[in-house]
Amino acid sequence: MFHNWWQAAAAAGLVVLAAVGITAAHTSALPRTLSYSLIRQACEWHAGWQTRSWPEIKSDHFRLRYRPEDAEVAPLVLQTAETAYEPAAAMLQHQPAGETLIVLYPDRESLARQFGWAASESAMGVYWGGVVRVLSPYDWVTSRDPQEIAAIFNSAGPVAHEFAHLLVDEKARGNYPRWLTEGIAQYVERQLTGFVMPGSPEAAGWYALQEMDYEFDNLADQTLAYRQSALMVDYLVERYGLESLNLVLDRLGRGATLDQAFREIIDTSSANLAVAFAREVPLSRARAEFASNL
Ligand SMILES: [Zn+2]
């Protein structure tokens with residue numbers, strides 16, 4: 001599998017260091033950010049290795065690897081990422097170091113297999129460990145007309161959303177709750193493409209911050225969890241400005257807890273913020289089709 005003994009040794013070393021980092025991550029925020037770059041390097045290296053034989057095209061800030069059946073649509077995916085780059089980087093005041101790897105999967109089975117998910121998983125894109133993974137529009141756009149595919153992919157495709165996850169991850173150095181990155185990714189996506197995820201018609205109440213922080217993936221109503229994430233970030237931006245949100249991410253990147261970062265930058269605890277959110281944002285916004293303009 002490895003070309004040289006030193007590649008195998010380097011990979012083994014990174015895996016061990018990453019495992020140490022993951023263990024340390026459970027105890028406090030600071031080791032989590034210290035181990036961040038090791039885990040990132042291991043993940044990026046692994047993704048690059050897995051796709052080393054795939055065709056590749058490059059732009060100024062990205063390299064895209066794809067399967068031969070996606071050769072015609074690959075330039076569209078790369079161009080969409082390049083279009084999102086400047087405005088997303090300006091919004092979050094961060095530019096990734098080096099080229100970002102995007103892996104384009106031809107069908108949802110191959111994307112799901114990558115993460116050990118069921119093939120029925122509906123994700124169109126995934127961000128993990130410095131790598132953006134995208135489902136080919138051939139899988140989910142019924143039209144075969146190139147212009148229609150481009151229009152749909154640009155307005156409803158996952159690239160801006162997943163790239164925003166990468167920016168948050170780098171800025172906060174892996175130290176953030178899921179709701180924060182999901183909310184910011186939806187915020188950036190809406191600004192860039194106008195796309196808004198659907199609301200939850202059954203929403204009967206907001207999730208507690210504790211649940212959003214620690215149980216995000218297990219929450220029964222995932223549509224509500226995503227919508228609440230978007231509304232919480234909207235609330236932060238509306239009340240305190242995007243600049244404050246960026247400062248919060250910077251503080252997280254230097255090892256602060258979310259509560260410490262909120263207290264320092266916006267002078268409120270995360271608990272108080274959650275109370276104010278629940279008091280001021282009507283639940284009807286969880287059910288509404290459109291979430292902006294609080
Ligand atoms: Zn997301």
# chains A, B, ... in the order shown; residues from 1 in each chain; ligands from 1
$ residues_around --residues "A:Tyr226" --least-positions-apart "4" --cutoff "9 Å" --atoms "only C-alpha atoms" --output "VMD selection string"
chain A and resid 179 182 to 183 186 197 199 221 to 222 230 to 231
$ write_last_selection --atoms "C-alpha atoms" --output "PDB file, in the first residue's frame"
ATOM      1  CA  TRP A 179     -24.820  24.177  15.914  1.00  0.00           C
ATOM      2  CA  GLU A 182     -24.132  24.570  10.922  1.00  0.00           C
ATOM      3  CA  GLY A 183     -25.607  28.002  11.592  1.00  0.00           C
ATOM      4  CA  GLN A 186     -26.311  28.257   6.419  1.00  0.00           C
ATOM      5  CA  MET A 197     -33.055  24.916   4.201  1.00  0.00           C
ATOM      6  CA  GLY A 199     -38.334  24.794   8.236  1.00  0.00           C
ATOM      7  CA  ASP A 221     -36.032  16.629  14.648  1.00  0.00           C
ATOM      8  CA  GLN A 222     -32.909  17.278  12.544  1.00  0.00           C
ATOM      9  CA  ALA A 230     -29.361  29.106  11.493  1.00  0.00           C
ATOM     10  CA  LEU A 231     -31.639  31.281  13.644  1.00  0.00           C
TER      11      LEU A 231
END
$ residues_around --residues "A:Trp206" --least-positions-apart "3" --cutoff "9 Å" --atoms "only C-alpha atoms" --output "compact mmCIF listing (two decimals) with N, CA and C atoms, in the first residue's frame"
# COMPACT_ATOMS: atom_id res chain seq x y z
N ALA A 203 -42.32 21.73 14.64
CA ALA A 203 -41.57 22.28 15.77
C ALA A 203 -42.50 22.75 16.88
N LEU A 209 -29.86 24.63 24.85
CA LEU A 209 -28.49 24.83 24.36
C LEU A 209 -27.63 23.60 24.62
N LEU A 224 -35.37 20.80 12.56
CA LEU A 224 -35.43 21.85 13.58
C LEU A 224 -34.03 22.19 14.09
N ALA A 225 -33.21 21.15 14.29
CA ALA A 225 -31.84 21.40 14.79
C ALA A 225 -31.08 22.31 13.83
N GLN A 228 -32.80 25.84 13.88
CA GLN A 228 -32.45 26.57 15.11
C GLN A 228 -31.01 27.06 15.05
N ALA A 278 -34.45 32.34 23.03
CA ALA A 278 -35.75 31.67 23.16
C ALA A 278 -36.86 32.68 23.46
N LEU A 283 -41.26 31.02 17.84
CA LEU A 283 -41.14 29.66 17.32
C LEU A 283 -41.67 29.54 15.89
N ALA A 286 -39.23 28.77 13.28
CA ALA A 286 -38.74 27.41 13.10
C ALA A 286 -39.57 26.70 12.02
$ residues_around --residues "A:Leu111" --least-positions-apart "3" --cutoff "9 Å" --atoms "only C-alpha atoms" --output "ChimeraX atom specification"
/A:104-108,114-115,117,119,123-126,133-135
$ write_last_selection --atoms "C-alpha atoms" --output "mmCIF file, in the first residue's frame"
data_model
loop_
_atom_site.group_PDB
_atom_site.id
_atom_site.type_symbol
_atom_site.label_atom_id
_atom_site.label_comp_id
_atom_site.auth_asym_id
_atom_site.auth_seq_id
_atom_site.Cartn_x
_atom_site.Cartn_y
_atom_site.Cartn_z
ATOM 1 C CA LEU A 104 -16.484 14.671 -6.136
ATOM 2 C CA TYR A 105 -18.391 11.417 -5.622
ATOM 3 C CA PRO A 106 -20.464 10.018 -8.491
ATOM 4 C CA ASP A 107 -23.312 8.668 -6.333
ATOM 5 C CA ARG A 108 -24.568 8.745 -2.761
ATOM 6 C CA GLN A 114 -16.647 6.974 2.917
ATOM 7 C CA PHE A 115 -18.215 7.671 6.319
ATOM 8 C CA TRP A 117 -23.256 5.667 6.582
ATOM 9 C CA ALA A 119 -26.623 4.382 1.454
ATOM 10 C CA ALA A 123 -26.245 14.433 2.395
ATOM 11 C CA MET A 124 -25.140 16.199 -0.792
ATOM 12 C CA GLY A 125 -21.902 17.411 0.716
ATOM 13 C CA VAL A 126 -19.678 16.763 3.699
ATOM 14 C CA ARG A 133 -16.651 16.100 -0.348
ATOM 15 C CA VAL A 134 -19.445 16.732 -2.792
ATOM 16 C CA LEU A 135 -22.061 14.530 -4.407
#
$ atom_distance --atom1 "atom CA of A:Ser155" --atom2 "atom CA of A:Phe195"
6.4 Å
$ residues_near_ligand --ligand "ligand 1" --cutoff "7 Å" --atoms "only C-alpha atoms and all ligand atoms" --output "list in words"
His161, Glu162, His165, Glu182 and Ala185 of chain A
$ write_last_selection --atoms "C-alpha atoms" --output "compact mmCIF listing (two decimals), in the first residue's frame"
# COMPACT_ATOMS: atom_id res chain seq x y z
CA HIS A 161 -22.08 25.57 2.64
CA GLU A 162 -19.26 23.03 2.91
CA HIS A 165 -17.58 24.74 7.34
CA GLU A 182 -24.13 24.57 10.92
CA ALA A 185 -22.61 27.53 7.02
$ residues_around --residues "stretch 242-253 of chain A" --least-positions-apart "3" --cutoff "6 Å" --atoms "only C-alpha atoms" --output "PyMOL selection string"
chain A and resi 171-173+175+237+256+261
$ write_last_selection --atoms "C-alpha atoms" --output "PDB file, in the first residue's frame"
ATOM      1  CA  LYS A 171     -10.571  29.767  12.221  1.00  0.00           C
ATOM      2  CA  ALA A 172     -11.744  28.076  15.423  1.00  0.00           C
ATOM      3  CA  ARG A 173      -9.157  25.299  15.043  1.00  0.00           C
ATOM      4  CA  ASN A 175     -12.986  24.035  18.778  1.00  0.00           C
ATOM      5  CA  VAL A 237     -25.209  38.556  13.738  1.00  0.00           C
ATOM      6  CA  ALA A 256     -11.360  29.561  24.804  1.00  0.00           C
ATOM      7  CA  ALA A 261     -15.563  33.642  24.112  1.00  0.00           C
TER       8      ALA A 261
END
$ closest_residue --among "A:Ala276, A:Leu180, A:Leu64, A:Leu38" --to "A:Ser229" --atoms "only C-alpha atoms"
A:Leu180
$ closest_residue --among "A:Ser37, A:Leu236, A:Ala81, A:Pro177" --to "A:Tyr214" --atoms "only C-alpha atoms"
A:Pro177
